[in-house]
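For reference, the structure discussed in these notes is given below.
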Amino acid sequence: MSGPAAVPRLEDIQSILATDCGSTTTKAILVERRYGVYRLIARGEAPTTVEAPFEDVTCGVLNAVREVEELAGRRLLDGDVILTPMQQGAGVDLYVTTSSAGGGLQMMVSGLVLQMTGESAQRAALGAGAIVMDVVALNDGRRPHERIQLLRQLRPDMVLLSGGTDGGDVRRVAELAELLVAAGPTARLGAGYELPVVYAGNQDAAGVVRDLIEPHAAVKVVANLRPALERENLRPARDAIHELFMQHVMAHAPGYRRLMSWTPVPVMPTPAAVGRMIEWLARRDHLSVLGVDIGGATTDVFSVFPGAGGEPSFHRTVSANLGMSYSIANVMAEAGLENILRWVPFPVEESELRNRIRNKMVRPTSIPQTLEDLLIEQAIAREALRLAFEQHRALAVELKGVQQERTISDALRQSGGGASVVDLLELGLIVGSGGVLSHAPRRVQAALMMVDAFLPEGLTLLAVDSIFMTPQLGVLSTVHEQAASEVFEHDCLVRLGAVLAPIGTGRPGQACVTVEVSGPDMAPVSRRVAFGEMALLPLPPASAFGRVSAVPERGFDLGAGRGRPVSARIPGGSMGLIVDARGRRPFELPAGAAGIERLRSWHRSLALYPREI
């Protein structure tokens with residue numbers, strides 16, 4: 001298959017078209033260089049067409065691009081082909097795309113020990129943008145025939161096989177390979193091609209694994225993702241997953257061969273592209289960053305925190321059954337009605353809440369029609385975000401097995417014990433995306449949903465993705481970082497402001513913290529906030545910087561120690577500074593009528609809604 005021309009020289013790229021083929025919607029953006037800066041010009045979307053009756057992903061891409069043509073007022077297509085390079089004002093210089101259509105990249109992963117190489121393999125697959133269907137390990141509590149049956153039923157797009165440290169036991173790694181051969185899994189998409197298998201385990205066992213699997217599947221051997229108990233090396237496995245995703249999975253999906261012929265840049269899984277931008281943002285601003293994308297069926301959480309040796313450590317998790325439409329009933333089942341009701345500021349019967357949630361599941365594309373509907377949807381979103389974050393913290397951990405007995409037989413008996421790298425006091429920025437956050441009627445509503453779900457501590461910046469163009473910018477950054485970063489900062493990232501949350505607990509009404517905010521073109525504002533209360537203080541606009549100075553009372557800590565003041569220069573925001581004096585470690589909500597009245601008082605303090613229910 002002949003592909004497109006090579007990527008043009010960066011200085012020659014004036015116009016860029018980028019698309020994201022989602023599971024339900026295909027989004028297209030047009031980026032152009034205006035007055036020396038790359039900016040978003042137009043955005044269009046259309047239903048994704050990877051399934052029947054079209055079964056051709058390019059139909060949805062072309063429909064989305066046609067909407068961009070109309071909005072931008074210029075020609076981008078020549079019939080059913082994207083015009084490249086730009087000539088006489090028509091077409092674009094570069095086209096790039098991401099995809100999670102058809103369910104995205106679905107993988108099975110395996111390791112010898114569930115809590116060690118199994119978790120490392122899971123982190124590698126998730127970081128590459130995959131949905132992990134299951135993790136198979138020799139100590140996962142299942143019998144061999146149960147593992148074989150599972151592998152046959154799930155039909156993954158790809159398998160990541162790992163296990164053992166370099167120089168370790170070969171026999172047990174061979175057992176995993178033999179399980180895979182006995183199951184003989186077939187790929188989900190396409191027929192007549194071999195299932196891709198990435199082997200990233202003990203290099204001494206690579207020859208044995210290849211000999212066992214190669215007659216039945218396409219094997220690619222890469223460096224061990226856990227060469228030693230104290231070290232993790234995920235990059236080679238992630239790169240191999242991306243490469244095989246292009247060569248095998250995308251090549252056999254409906255219409256993708258044609259789509260790939262339009263772009264000189266490899267198609268990237270949507271979550272991998274989002275993760276790339278989160279990593280880039282953390283490195284650029286030298287911050288620990290938490291990103292979340294809450295969709296209709298799944299919720300993805302991304303984080304970058306200092307790892308071993310102080311180097312940034314990237315983690316991604318996907319909660320495949322926590323979403324706001326197709327899987328909203330699962331949020332109800334996992335969170336429980338009581339936890340959802342604690343965020344609803346008016347009396348509602350459990351049966352009524354249950355029926356409202358079921359109606360949303362039956363009509364997943366509906367949006368709230370009344371203020372009551374909106375309040376309930378945002379209450380459910382808090383619990384979906386909280387559950388997804390708890391799952392993320394459980395997987396984003398330090399390496400397990402360090403300083404333990406280094407034999408496989410002992411490791412199989414050990415349960416690990418790695419601590420989560422997610423430190424809420426270290427967290428510098430939270431970025432939210434997804435309809436319930438990006439399209440909240442008031443920005444402060446999106447901010448409080450994230451604060452209530454994640455409970456950040458100390459001083460933390462807050463932002464949202466305005467129209468969820470992070471995936472397109474993520475793949476664009478692989479070839480033109482300047483264009484991606486300028487559009488991300490000017491047109492994508494909406495800086496809301498910040499939240500200041502003292503650690504500690506006390507009596508309602510007890511003095512907690514005194515905060516002062518100052519900045520250009522604004523008079524200094526000072527406020528003393530009591531325990532159990534919330535306040536919203538103004539900040540300069542997002543284009544300027546302000547200074548926040550806070551003095552906690554004795555018994556409360558903002559990160560510098562109990563009673564010690566903190567001061568920081570932070571970017572402004574459209575919302576302002578939320579002072580959250582509701583307490584941390586523990587955070588507790590009162591129940592019943594007292595809880596409803598407390599919620600209403602917080603909502604009034606933040607001007608959260610136009611009126612009370």
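Following the order of the structure tokens, chains are lettered A, B, ..., residues in each are numbered from 1, and ligands are numbered from 1.
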Would you tabulate, counting only C-alpha atoms, all residues of stretch 469-558 of chain A that have an atom at most 10 Å from an atom of stretch 40-63 of chain A, showing the closest pair of atoms and their distance in Å to one decimal, sorted by chain then ascending number, as CSV?
residue,atom,partner,partner_atom,distance
A:Met469,CA,A:Arg43,CA,9.2
A:Ala483,CA,A:Leu40,CA,10.0
A:Glu486,CA,A:Leu40,CA,9.5
A:Val487,CA,A:Leu40,CA,6.3
A:Phe488,CA,A:Leu40,CA,9.2
A:His490,CA,A:Leu40,CA,8.5
A:Asp491,CA,A:Leu40,CA,6.4
A:Cys492,CA,A:Leu40,CA,8.7
Just-selected residues, N, CA and C atoms written as a PDB file, in the first residue's frame:
ATOM      1  N   MET A 469     -10.119  18.379  22.656  1.00  0.00           N
ATOM      2  CA  MET A 469      -9.253  18.242  21.486  1.00  0.00           C
ATOM      3  C   MET A 469      -7.862  17.747  21.894  1.00  0.00           C
ATOM      4  N   ALA A 483       3.130  23.689  17.363  1.00  0.00           N
ATOM      5  CA  ALA A 483       1.724  23.876  17.006  1.00  0.00           C
ATOM      6  C   ALA A 483       0.812  23.276  18.070  1.00  0.00           C
ATOM      7  N   GLU A 486       0.904  25.462  21.355  1.00  0.00           N
ATOM      8  CA  GLU A 486       0.252  26.773  21.261  1.00  0.00           C
ATOM      9  C   GLU A 486      -1.267  26.638  21.236  1.00  0.00           C
ATOM     10  N   VAL A 487      -1.786  25.664  20.497  1.00  0.00           N
ATOM     11  CA  VAL A 487      -3.238  25.458  20.476  1.00  0.00           C
ATOM     12  C   VAL A 487      -3.725  24.946  21.830  1.00  0.00           C
ATOM     13  N   PHE A 488      -2.939  24.061  22.454  1.00  0.00           N
ATOM     14  CA  PHE A 488      -3.325  23.529  23.758  1.00  0.00           C
ATOM     15  C   PHE A 488      -3.470  24.647  24.783  1.00  0.00           C
ATOM     16  N   HIS A 490      -3.785  28.050  24.216  1.00  0.00           N
ATOM     17  CA  HIS A 490      -4.677  29.163  23.875  1.00  0.00           C
ATOM     18  C   HIS A 490      -6.125  28.744  23.644  1.00  0.00           C
ATOM     19  N   ASP A 491      -6.348  27.536  23.122  1.00  0.00           N
ATOM     20  CA  ASP A 491      -7.694  27.161  22.691  1.00  0.00           C
ATOM     21  C   ASP A 491      -8.251  25.914  23.361  1.00  0.00           C
ATOM     22  N   CYS A 492      -7.405  25.135  24.003  1.00  0.00           N
ATOM     23  CA  CYS A 492      -7.853  23.859  24.577  1.00  0.00           C
ATOM     24  C   CYS A 492      -7.983  23.935  26.092  1.00  0.00           C
TER      25      CYS A 492
END
Spatial neighbours of stretch 288-302 of chain A, max dist 9 Å, only C-alpha atoms, sep filter under 6 positions, as number ranges by chain
A: 127, 271, 274-275, 278-279, 281-282, 312, 314-328, 364-365, 381, 384-385, 388-389, 392, 422-423, 426-437, 468
*Skip A:Val529 itself and residues of its chain fewer than 5 positions away, then list as a ChimeraX atom specification all residues within 8 Å of it, counting only C-alpha atoms.*
/A:511-515,534-535,579,581
With C-alpha atoms retained, could you export that selection as a PDB file, in the first residue's frame?
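Generated file (part_14.pdb):
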ATOM      1  CA  ALA A 511     -11.149  29.288  62.957  1.00  0.00           C
ATOM      2  CA  CYS A 512      -9.320  27.390  60.198  1.00  0.00           C
ATOM      3  CA  VAL A 513      -7.401  29.533  57.681  1.00  0.00           C
ATOM      4  CA  THR A 514      -6.856  33.155  56.642  1.00  0.00           C
ATOM      5  CA  VAL A 515      -6.273  33.701  52.925  1.00  0.00           C
ATOM      6  CA  MET A 534     -16.187  27.143  51.718  1.00  0.00           C
ATOM      7  CA  ALA A 535     -15.395  30.465  50.050  1.00  0.00           C
ATOM      8  CA  VAL A 579     -11.043  27.850  49.837  1.00  0.00           C
ATOM      9  CA  ALA A 581     -12.161  24.302  54.799  1.00  0.00           C
TER      10      ALA A 581
END
I'd like to know which residues of stretch 300-401 of chain A are strand (DSSP E or B) (by DSSP, run on the backbone); could you write them as a list in words?
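After running DSSP on the backbone, stretch 300-401 of chain A has strand (DSSP E or B) at Asp300, Val301, Phe302, Ser303, Val304, Phe305, Pro306, Pro312, Ser313, Phe314, His315, Arg316, Thr317, Val318, Ser319 and Val397 of chain A.
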Counting only C-alpha atoms, the residue among A:Ala130, A:Met116, A:Ile241, A:Ala253 that lies closest to A:Thr165 is A:Met116
I want to know what sits within 7 Å of stretch 108-111 of chain A, based on only C-alpha atoms, with residues of the same chain fewer than 5 positions away left out; could you give that as JSON, numbers by chain?
{"A": [117, 118, 121, 122, 132, 133, 134, 135, 136, 137, 156, 158, 159, 160, 161, 162, 163]}
| said: Would you pick out the contacts of A:Arg600 at 12 Å or less, using only C-alpha atoms, so that residues sharing its chain but fewer than 4 positions from it are not included, and give the list as a list of chain:residue names? | reply: A:Arg342, A:Trp343, A:Val344, A:Pro345, A:Phe346, A:Pro347, A:Leu375, A:Glu533, A:Met534, A:Ala593, A:Ala594, A:Gly595, A:Ile596, A:Arg604, A:Ser605, A:Leu606, A:Ala607, A:Leu608, A:Tyr609, A:Arg611, A:Glu612, A:Ile613
For A:Arg172: contacts at 10 Å, only C-alpha atoms, fewer than 4 positions along chain excluded, given as a list in words
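Here the qualifying residues turn out to be Gly111, Leu112, Leu138, Gly163, Gly164, Gly168, Leu176, Ala177, Glu178, Ala205 and Ile408 of chain A.
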Using only C-alpha atoms, the best pick from A:Val96, A:Ala18, A:Met277, A:Ile148 as closest to A:Glu481 would be A:Met277
Across A:Gly22, A:Gly79, A:Gly201, A:Gly73, the smallest distance to A:Thr98, with only C-alpha atoms counted, is shown by A:Gly22
Taking only C-alpha atoms into account, name the residue in A:Arg547, A:Arg354, A:Arg393, A:Glu230 that is nearest to A:Val304.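 Checking each of A:Arg547, A:Arg354, A:Arg393, A:Glu230 against A:Val304, counting only C-alpha atoms, the winner is A:Arg393.
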